[in-house]
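Asker: Quick one: the structure is below, and I'll ask about it shortly.
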Amino acid sequence: MPMQIVPDLQENIKNFEELFSDCADIKKRKIKVGKNLKSECYIAYIEVSVSSVDWKDSAVGKFLGKLRTLPEEELAAYVRDNVFDISDSPPFETIEDAAQGMLTGDALVFLEGYNKALKIPDKGYPGRGVYETESEKVIRGSNEGFSESVKINTALIRKRLRSPHVKVRESFAGRRTNTNVDLVYMKDLIHPEILEEIERRLQEFEIDGALDSGIIEQLTEKRKYSPFPQFQTTQRPDRAAMAILEGRIVLLSDNSPVALILPTTYNTFIQTSDDYYSRWEIASFTRILRYVASFLAMVFPGLYLAMTNFHTQILPTDLLLSLAASRQGVPFPAMVEVFIMEIAFELLREAGVRLPGANGNTIGIVGGLIIGQAAVDANIVSPIVVIVVALTALCSFAVPNEEFATSFRILKFMFIFLCGSLGFFGFLIGLLAVLIHLSHLESFGIPYLAPFVGADLNGYQDERDTFLRLPLDFLKKRPIYTRGGARIRLKFNEEEKRNREGK
Amino acid sequence: MFAENWKISLRQIRRLFVLDIFGISSLVLPGIFSAMTGADGIFCLLLGMAGGAALLWLMGANLKHMDADFYSYMKDTVGQIIADVFMVFYFLYFATLSGYVLFELTTLTLSWLLPEGSFLGIGILLLLLAVYGSIRGIEGRARVYEIIFWFLGIPLLLMLIMAIPEINTSYWTPIVASDGVQLLRGSTSVLILLLPLSALLFLKPFSRSPEKLAACGRDSLLAATLLNILIYLMILGAFGQNAMGILKRPILTLMGMINLPGGFFTRQDVLMTAVWFFALFALLNTGIFQGSLVLKELCHETKHHYSLYLVALIAFFVGKGLFEHQFLAEIFGIYQYCIALPGMFLILLILLLVNQIKLGSKMGKEAEADAKE
């Protein structure tokens, strides 16, 4: 049963302090107000979230200053009449709601004779500002990255999309964390059923804490056993803004610098922001490289095993002899050798990620160069396997999205096993299994393999932005994520068109 | 939403059928023609295509009168019992087709990819994969083949272009040297391999443009026949009629003979086997999916996948039988020539005729009623 706020200040203070007993980080003060300082108000806030040192310049200080200029009997009436000038939200009627309001990082004020509580905004929780992204580096384009504050993140998107059609729907996840979850989208572009679907999925679970968008991602994914992510993640506001312009929805979660984009496809994971900022030839070339890399990151060690263990007739004799010579003295079968090296590489990678900055780099050098060379010299592995593993790793790094690249890293082990035991037949079986799985997969109703499949749904327009990123003139229509009737994104006026055609 | 609407596009259907027909026919037909007609195999292919076009015409004519699905149409036209008999006929066709394709696919794997393997291991793996491919309906299956169509087609066309220097055009003669019986037998073989096109009849509820299904089938037939003619001419030009008859799979041998520029890969037969592997797997999938679809409708199964497992099981035993006993292969051939082929035409013809008679009598009654008024 919620505790109602009553005009009796002492009663409210008792209830509130009961709720926040043993909370040393919460500052609670009684302050005299009114012209003659005969009335009282009660203020509560989280220690570092409100400027308690310099009250004069803060919103709380100014509000209290104003209360000290008014006669005691007019205080409640003044607050009641000016509540929306003072606070950024409606006044709270229960102690629980008021407590929740304070926990967003603002100050809370109870006033003698007033049966509601006010939230007064201040600087809020401490947080990182807007920094450069650590991942998703680009050569051309903005370097701003999302921060841990959902409010800053929505503002970073708004900064790029200055349109009243951009809507932000707020909800909360986590019974005990009450984490802000914002859905940002362009109202006239999205398919409403996709918005309904994500809102439904957000309502489907109740968890004690949602500390990162990753938790929300896992709880709202449809195919939980798929190695492939069904949300695209980004730390770049420009990428998120671009997705919104395509009619997709961005999910931002407080305390997480990683935004989720939905729906998503294989193709969107391969795209980067600077694909659209660079000339089409460069963008297309790098995109083809990334597609090839995503494939090789999964199958290269497996193909090596299939060719060298089962189908040696494919390779020229010289190469075959050189491979055989390099394996001389290695005590393990080729499959075990590849497996050991891949595991060693994954260990190095994990160690590099967990160690602090400079040490992380060192482990890469120590592991890659020194241990690698020592392993070859000791005849534990052959040099060709080191090359194969290194090339596979390079390929996985070329995939722009970390989660997506991880799927290929996991599947790589399946291919090592299949190709190592069944040769090229194993490779074909594995490839078919992955293809069938991908063809069954979808993200919020969009086939994962779109636009390579179902391209007819958008008049085959989406195929212009796949392996090749055709010149922007050709990309006049938005992709399938946009609702029908709102797909035109580029128009030339008639005069310009005539000039272009040289008439 | 867009996915899971259980509808597939005409492009997906076209690609699926091209692979279904091309895979098995390009592997099997050269061997059959070498024993029968030699260079006249081209005429067999053309005559077979004409037969396929006739079958498609019959299908198109029936599809026009079809409101919902094929089974309902049959029930409305010839009654429940005969419709059930026809459905059993289609079920047997697709189930045995799956078994035959499993046998061919396993043989291909054992000959070219994994000689030390066994039918049991390879067959079970392939069937598991086929069941996985079919379990979520037609959409996933259509997508797989929509996406890999050009990944298979482009290397194949490139390899065929590179095989041109191997061709000796004198092997293309003599022509018109076969007698009528041989030509008829060759054409019938081609037509039998075109029978998977009858799956079109069951695709109306799954097609985004059902009115164009027959035209889509004709496109697939034309594309597959042209590809088969090209491949046959190349194989015949490369090996001649006699050598072609000795080789197990002449097209794969041809792939192994091609020298790629740069000479890094010395033999491509293993790599190019992927084309036929995927194409045969498409047909295996078609057989299992269509077989289970027919069985599902017959048994009114809605929730479970028992029919899918049953078809897979039948396919396994048919495949194993064909693999181990030569006489079963002969029986299978007789079944195809004497039951499956005439049956396909006959059923469609009966349905069309009964439908026309019913329509005629209905119109007559209406005209009579009008006249009375």
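Ligands are numbered from 1 in the order shown, residues from 1 within each chain, and chains are lettered A, B, ... in the order they appear in the structure tokens.
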At a cut-off of 8 Å, list the chain B residues touching chain A, using only C-alpha atoms, as a VMD selection string.

Answerer: chain B and resid 1 to 4 8 to 9 109 113 to 114 126 129 132 to 133 136 139 to 141 143 to 144 146 to 147 263 to 268 270 274

Asker: Using only C-alpha atoms, which residues sit within 8 Å of stretch 329-335 of chain A once same-chain residues fewer than 2 positions away are excluded, as an MDAnalysis selection string?

Answerer: chainID A and resid 305 309 327 337:339 379:382 416:417 420

Asker: The selected residues should be written to file as an mmCIF file, in the first residue's frame (atoms: C-alpha atoms).

Answerer:
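Now in result-v2.cif:
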data_model
loop_
_atom_site.group_PDB
_atom_site.id
_atom_site.type_symbol
_atom_site.label_atom_id
_atom_site.label_comp_id
_atom_site.auth_asym_id
_atom_site.auth_seq_id
_atom_site.Cartn_x
_atom_site.Cartn_y
_atom_site.Cartn_z
ATOM 1 C CA LEU A 305 42.304 -28.961 -42.898
ATOM 2 C CA ASN A 309 44.121 -33.830 -45.051
ATOM 3 C CA ARG A 327 54.711 -30.145 -40.616
ATOM 4 C CA GLU A 337 47.378 -28.574 -34.075
ATOM 5 C CA VAL A 338 44.870 -26.068 -35.512
ATOM 6 C CA PHE A 339 42.654 -26.470 -32.483
ATOM 7 C CA ASN A 379 57.966 -28.126 -33.265
ATOM 8 C CA ILE A 380 54.704 -27.906 -31.365
ATOM 9 C CA VAL A 381 52.971 -26.273 -34.303
ATOM 10 C CA SER A 382 53.925 -25.755 -37.927
ATOM 11 C CA ILE A 416 37.426 -27.171 -37.735
ATOM 12 C CA PHE A 417 35.754 -30.277 -36.343
ATOM 13 C CA GLY A 420 38.995 -32.100 -39.871
#

Asker: Identify, on the basis of only C-alpha atoms, every residue whose closest approach to stretch 166-176 of chain B does not exceed 6 Å; exclude the query and any residue fewer than 3 positions from it along the same chain; express the result as a count of residues only.

Answerer: 6

Asker: Quick one: residues within 10 Å of A:Val386, only C-alpha atoms, excluding same-chain residues fewer than 3 positions away - as a list in words?

Answerer: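 Once the adjacent positions are removed, what remains is Glu337, Val338, Met341, Glu342, Phe345, Gly368, Gly372, Gln373, Ala375, Val376, Val381, Ser382, Pro383, Val389, Ala390, Leu391 and Thr392 of chain A.
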
Asker: Mind checking which residues fall within 9 Å of A:Phe408, counting only C-alpha atoms, ignoring those fewer than 4 positions away in the same chain, and posting them as an mmCIF file with N, CA and C atoms, in the first residue's frame?

Answerer:
data_model
loop_
_atom_site.group_PDB
_atom_site.id
_atom_site.type_symbol
_atom_site.label_atom_id
_atom_site.label_comp_id
_atom_site.auth_asym_id
_atom_site.auth_seq_id
_atom_site.Cartn_x
_atom_site.Cartn_y
_atom_site.Cartn_z
ATOM 1 N N PRO A 227 23.785 -18.394 -32.543
ATOM 2 C CA PRO A 227 25.015 -17.658 -32.241
ATOM 3 C C PRO A 227 24.995 -16.244 -32.829
ATOM 4 N N PHE A 228 24.050 -15.977 -33.711
ATOM 5 C CA PHE A 228 24.029 -14.673 -34.385
ATOM 6 C C PHE A 228 23.161 -13.672 -33.611
ATOM 7 N N SER A 294 34.212 -12.024 -43.329
ATOM 8 C CA SER A 294 33.253 -12.697 -42.433
ATOM 9 C C SER A 294 33.156 -14.183 -42.781
ATOM 10 N N PHE A 295 33.267 -14.495 -44.064
ATOM 11 C CA PHE A 295 33.210 -15.899 -44.486
ATOM 12 C C PHE A 295 34.478 -16.646 -44.067
ATOM 13 N N LEU A 296 35.626 -16.017 -44.344
ATOM 14 C CA LEU A 296 36.897 -16.693 -44.034
ATOM 15 C C LEU A 296 37.119 -16.830 -42.523
ATOM 16 N N ALA A 297 36.621 -15.850 -41.760
ATOM 17 C CA ALA A 297 36.778 -15.926 -40.299
ATOM 18 C C ALA A 297 36.129 -17.200 -39.765
ATOM 19 N N MET A 298 35.150 -17.698 -40.506
ATOM 20 C CA MET A 298 34.430 -18.889 -40.061
ATOM 21 C C MET A 298 35.044 -20.172 -40.633
ATOM 22 N N VAL A 299 35.488 -20.122 -41.890
ATOM 23 C CA VAL A 299 35.813 -21.394 -42.556
ATOM 24 C C VAL A 299 37.293 -21.614 -42.882
ATOM 25 N N SER A 396 38.559 -11.941 -38.731
ATOM 26 C CA SER A 396 37.519 -11.677 -37.723
ATOM 27 C C SER A 396 37.592 -10.226 -37.238
ATOM 28 N N PHE A 404 28.864 -9.702 -33.824
ATOM 29 C CA PHE A 404 28.682 -10.450 -35.062
ATOM 30 C C PHE A 404 29.956 -11.255 -35.377
ATOM 31 N N LYS A 412 33.664 -21.134 -36.202
ATOM 32 C CA LYS A 412 34.952 -21.594 -36.734
ATOM 33 C C LYS A 412 35.331 -22.953 -36.135
ATOM 34 N N PHE A 413 35.035 -23.130 -34.852
ATOM 35 C CA PHE A 413 35.396 -24.395 -34.198
ATOM 36 C C PHE A 413 34.557 -25.556 -34.738
#

Asker: Using only C-alpha atoms, which protein or nucleic acid residues come within 10 Å of A:Leu67? Drop anything in the same chain fewer than 4 positions from it, and give the result as a ChimeraX atom specification.

Answerer: /A:32-35,37,39,41,61-63,71-72,74-76,78-79

Asker: Using only C-alpha atoms, can you tell me which of B:Ile138, B:Ala95, B:Cys338, B:Ile192 comes closest to B:Gly51?

Answerer: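 Closest to B:Gly51, using only C-alpha atoms: B:Ile192.
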
Asker: Report the distance between atom CA of A:Ile340 and atom CA of A:Leu369 in Å, rounded to one decimal place.

Answerer: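 Interatomic distance, atom CA of A:Ile340 to atom CA of A:Leu369: 16.3 Å.
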
Asker: From a DSSP calculation on the backbone, collect every residue of stretch 151-319 of chain B in alpha helix (DSSP H) and output the set as a PDB file with C-alpha atoms, in the first residue's frame.

Answerer:
ATOM      1  CA  PHE B 151      27.254 -18.431 -55.867  1.00  0.00           C
ATOM      2  CA  LEU B 152      26.802 -21.740 -57.660  1.00  0.00           C
ATOM      3  CA  GLY B 153      25.859 -20.360 -61.065  1.00  0.00           C
ATOM      4  CA  ILE B 154      28.752 -17.963 -61.596  1.00  0.00           C
ATOM      5  CA  PRO B 155      31.589 -20.466 -60.910  1.00  0.00           C
ATOM      6  CA  LEU B 156      29.766 -23.037 -63.025  1.00  0.00           C
ATOM      7  CA  LEU B 157      29.449 -20.692 -65.992  1.00  0.00           C
ATOM      8  CA  LEU B 158      33.092 -19.604 -65.624  1.00  0.00           C
ATOM      9  CA  MET B 159      34.249 -23.208 -65.539  1.00  0.00           C
ATOM     10  CA  LEU B 160      32.149 -24.063 -68.562  1.00  0.00           C
ATOM     11  CA  ILE B 161      33.682 -21.154 -70.469  1.00  0.00           C
ATOM     12  CA  MET B 162      37.147 -22.349 -69.476  1.00  0.00           C
ATOM     13  CA  GLY B 180      12.723 -43.411 -83.056  1.00  0.00           C
ATOM     14  CA  VAL B 181      12.605 -45.834 -80.137  1.00  0.00           C
ATOM     15  CA  GLN B 182      15.947 -44.625 -78.791  1.00  0.00           C
ATOM     16  CA  LEU B 183      14.875 -41.017 -79.143  1.00  0.00           C
ATOM     17  CA  LEU B 184      11.620 -41.770 -77.368  1.00  0.00           C
ATOM     18  CA  ARG B 185      13.388 -43.548 -74.526  1.00  0.00           C
ATOM     19  CA  GLY B 186      15.880 -40.696 -74.150  1.00  0.00           C
ATOM     20  CA  SER B 187      13.117 -38.077 -74.198  1.00  0.00           C
ATOM     21  CA  THR B 188      11.107 -40.061 -71.656  1.00  0.00           C
ATOM     22  CA  SER B 189      14.132 -40.117 -69.354  1.00  0.00           C
ATOM     23  CA  VAL B 190      14.385 -36.357 -69.653  1.00  0.00           C
ATOM     24  CA  LEU B 191      10.690 -36.000 -68.924  1.00  0.00           C
ATOM     25  CA  ILE B 192      10.958 -38.208 -65.841  1.00  0.00           C
ATOM     26  CA  LEU B 193      13.646 -35.919 -64.482  1.00  0.00           C
ATOM     27  CA  LEU B 213       3.092 -20.079 -61.077  1.00  0.00           C
ATOM     28  CA  ALA B 214       2.840 -21.927 -64.391  1.00  0.00           C
ATOM     29  CA  ALA B 215       4.787 -19.211 -66.214  1.00  0.00           C
ATOM     30  CA  CYS B 216       7.402 -19.403 -63.475  1.00  0.00           C
ATOM     31  CA  GLY B 217       7.633 -23.165 -64.044  1.00  0.00           C
ATOM     32  CA  ARG B 218       8.107 -22.583 -67.783  1.00  0.00           C
ATOM     33  CA  ASP B 219      10.981 -20.161 -67.113  1.00  0.00           C
ATOM     34  CA  SER B 220      12.676 -22.714 -64.876  1.00  0.00           C
ATOM     35  CA  LEU B 221      12.166 -25.441 -67.445  1.00  0.00           C
ATOM     36  CA  LEU B 222      13.661 -23.315 -70.207  1.00  0.00           C
ATOM     37  CA  ALA B 223      16.663 -22.238 -68.109  1.00  0.00           C
ATOM     38  CA  ALA B 224      17.415 -25.763 -66.934  1.00  0.00           C
ATOM     39  CA  THR B 225      17.064 -27.209 -70.443  1.00  0.00           C
ATOM     40  CA  LEU B 226      19.374 -24.600 -71.965  1.00  0.00           C
ATOM     41  CA  LEU B 227      21.943 -25.290 -69.270  1.00  0.00           C
ATOM     42  CA  ASN B 228      21.598 -29.019 -69.846  1.00  0.00           C
ATOM     43  CA  ILE B 229      22.053 -28.622 -73.615  1.00  0.00           C
ATOM     44  CA  LEU B 230      25.172 -26.515 -73.052  1.00  0.00           C
ATOM     45  CA  ILE B 231      26.619 -29.009 -70.599  1.00  0.00           C
ATOM     46  CA  TYR B 232      25.753 -31.982 -72.786  1.00  0.00           C
ATOM     47  CA  LEU B 233      27.414 -30.428 -75.809  1.00  0.00           C
ATOM     48  CA  MET B 234      30.529 -29.712 -73.783  1.00  0.00           C
ATOM     49  CA  ILE B 235      30.715 -33.203 -72.293  1.00  0.00           C
ATOM     50  CA  LEU B 236      30.092 -34.818 -75.651  1.00  0.00           C
ATOM     51  CA  GLY B 237      32.706 -32.556 -77.262  1.00  0.00           C
ATOM     52  CA  ALA B 238      35.226 -33.302 -74.552  1.00  0.00           C
ATOM     53  CA  PHE B 239      34.833 -37.077 -74.239  1.00  0.00           C
ATOM     54  CA  GLY B 240      32.878 -38.396 -77.220  1.00  0.00           C
ATOM     55  CA  GLN B 241      29.955 -40.797 -76.939  1.00  0.00           C
ATOM     56  CA  ASN B 242      31.919 -43.899 -75.945  1.00  0.00           C
ATOM     57  CA  ALA B 243      34.121 -42.367 -73.238  1.00  0.00           C
ATOM     58  CA  MET B 244      31.108 -40.518 -71.867  1.00  0.00           C
ATOM     59  CA  GLY B 245      29.378 -43.846 -71.339  1.00  0.00           C
ATOM     60  CA  ILE B 246      32.298 -45.236 -69.331  1.00  0.00           C
ATOM     61  CA  PRO B 250      31.305 -37.031 -66.919  1.00  0.00           C
ATOM     62  CA  ILE B 251      30.496 -33.438 -65.908  1.00  0.00           C
ATOM     63  CA  LEU B 252      32.601 -33.769 -62.755  1.00  0.00           C
ATOM     64  CA  THR B 253      35.418 -35.398 -64.702  1.00  0.00           C
ATOM     65  CA  LEU B 254      35.295 -32.436 -67.081  1.00  0.00           C
ATOM     66  CA  MET B 255      35.554 -30.036 -64.139  1.00  0.00           C
ATOM     67  CA  GLY B 256      38.654 -31.901 -63.008  1.00  0.00           C
ATOM     68  CA  MET B 257      40.269 -31.469 -66.430  1.00  0.00           C
ATOM     69  CA  ASP B 269      36.495 -31.379 -59.419  1.00  0.00           C
ATOM     70  CA  VAL B 270      36.235 -31.482 -55.630  1.00  0.00           C
ATOM     71  CA  LEU B 271      35.470 -27.785 -55.383  1.00  0.00           C
ATOM     72  CA  MET B 272      32.965 -27.927 -58.236  1.00  0.00           C
ATOM     73  CA  THR B 273      31.224 -30.919 -56.679  1.00  0.00           C
ATOM     74  CA  ALA B 274      29.728 -28.286 -54.381  1.00  0.00           C
ATOM     75  CA  VAL B 275      27.484 -27.133 -57.245  1.00  0.00           C
ATOM     76  CA  TRP B 276      25.914 -30.578 -57.655  1.00  0.00           C
ATOM     77  CA  PHE B 277      25.955 -31.246 -53.965  1.00  0.00           C
ATOM     78  CA  PHE B 278      23.857 -28.144 -53.295  1.00  0.00           C
ATOM     79  CA  ALA B 279      21.620 -28.778 -56.314  1.00  0.00           C
ATOM     80  CA  LEU B 280      20.926 -32.393 -55.317  1.00  0.00           C
ATOM     81  CA  PHE B 281      20.375 -31.334 -51.738  1.00  0.00           C
ATOM     82  CA  ALA B 282      17.775 -28.843 -53.026  1.00  0.00           C
ATOM     83  CA  LEU B 283      15.923 -31.694 -54.698  1.00  0.00           C
ATOM     84  CA  LEU B 284      16.221 -33.900 -51.610  1.00  0.00           C
ATOM     85  CA  ASN B 285      14.739 -31.070 -49.603  1.00  0.00           C
ATOM     86  CA  THR B 286      11.964 -30.591 -52.151  1.00  0.00           C
ATOM     87  CA  GLY B 287      11.094 -34.299 -52.032  1.00  0.00           C
ATOM     88  CA  ILE B 288      11.001 -34.391 -48.247  1.00  0.00           C
ATOM     89  CA  PHE B 289       9.121 -31.128 -47.894  1.00  0.00           C
ATOM     90  CA  GLN B 290       6.523 -31.921 -50.556  1.00  0.00           C
ATOM     91  CA  GLY B 291       6.123 -35.495 -49.343  1.00  0.00           C
ATOM     92  CA  SER B 292       5.483 -34.322 -45.802  1.00  0.00           C
ATOM     93  CA  LEU B 293       3.154 -31.589 -47.053  1.00  0.00           C
ATOM     94  CA  VAL B 294       1.018 -34.143 -48.884  1.00  0.00           C
ATOM     95  CA  LEU B 295       1.017 -36.472 -45.886  1.00  0.00           C
ATOM     96  CA  LYS B 296       0.138 -33.635 -43.530  1.00  0.00           C
ATOM     97  CA  GLU B 297      -2.906 -32.756 -45.611  1.00  0.00           C
ATOM     98  CA  LEU B 298      -3.928 -36.376 -45.915  1.00  0.00           C
ATOM     99  CA  CYS B 299      -3.653 -36.982 -42.172  1.00  0.00           C
ATOM    100  CA  TYR B 306       5.573 -36.661 -37.635  1.00  0.00           C
ATOM    101  CA  SER B 307       4.947 -36.633 -41.380  1.00  0.00           C
ATOM    102  CA  LEU B 308       8.321 -34.977 -41.960  1.00  0.00           C
ATOM    103  CA  TYR B 309      10.104 -37.626 -39.906  1.00  0.00           C
ATOM    104  CA  LEU B 310       8.170 -40.383 -41.650  1.00  0.00           C
ATOM    105  CA  VAL B 311       9.118 -39.138 -45.131  1.00  0.00           C
ATOM    106  CA  ALA B 312      12.751 -38.844 -44.016  1.00  0.00           C
ATOM    107  CA  LEU B 313      12.612 -42.409 -42.730  1.00  0.00           C
ATOM    108  CA  ILE B 314      11.123 -43.690 -46.000  1.00  0.00           C
ATOM    109  CA  ALA B 315      13.755 -41.744 -47.938  1.00  0.00           C
ATOM    110  CA  PHE B 316      16.479 -43.363 -45.876  1.00  0.00           C
ATOM    111  CA  PHE B 317      15.261 -46.895 -46.524  1.00  0.00           C
ATOM    112  CA  VAL B 318      14.589 -46.274 -50.222  1.00  0.00           C
ATOM    113  CA  GLY B 319      18.047 -44.714 -50.563  1.00  0.00           C
TER     114      GLY B 319
END

Asker: Which residues are close to A:Leu156, i.e. within 9 Å by only C-alpha atoms, leaving aside same-chain residues fewer than 2 positions away? Reply as a ChimeraX atom specification.

Answerer: /A:130,144-146,151-154,158-161,237-238,241
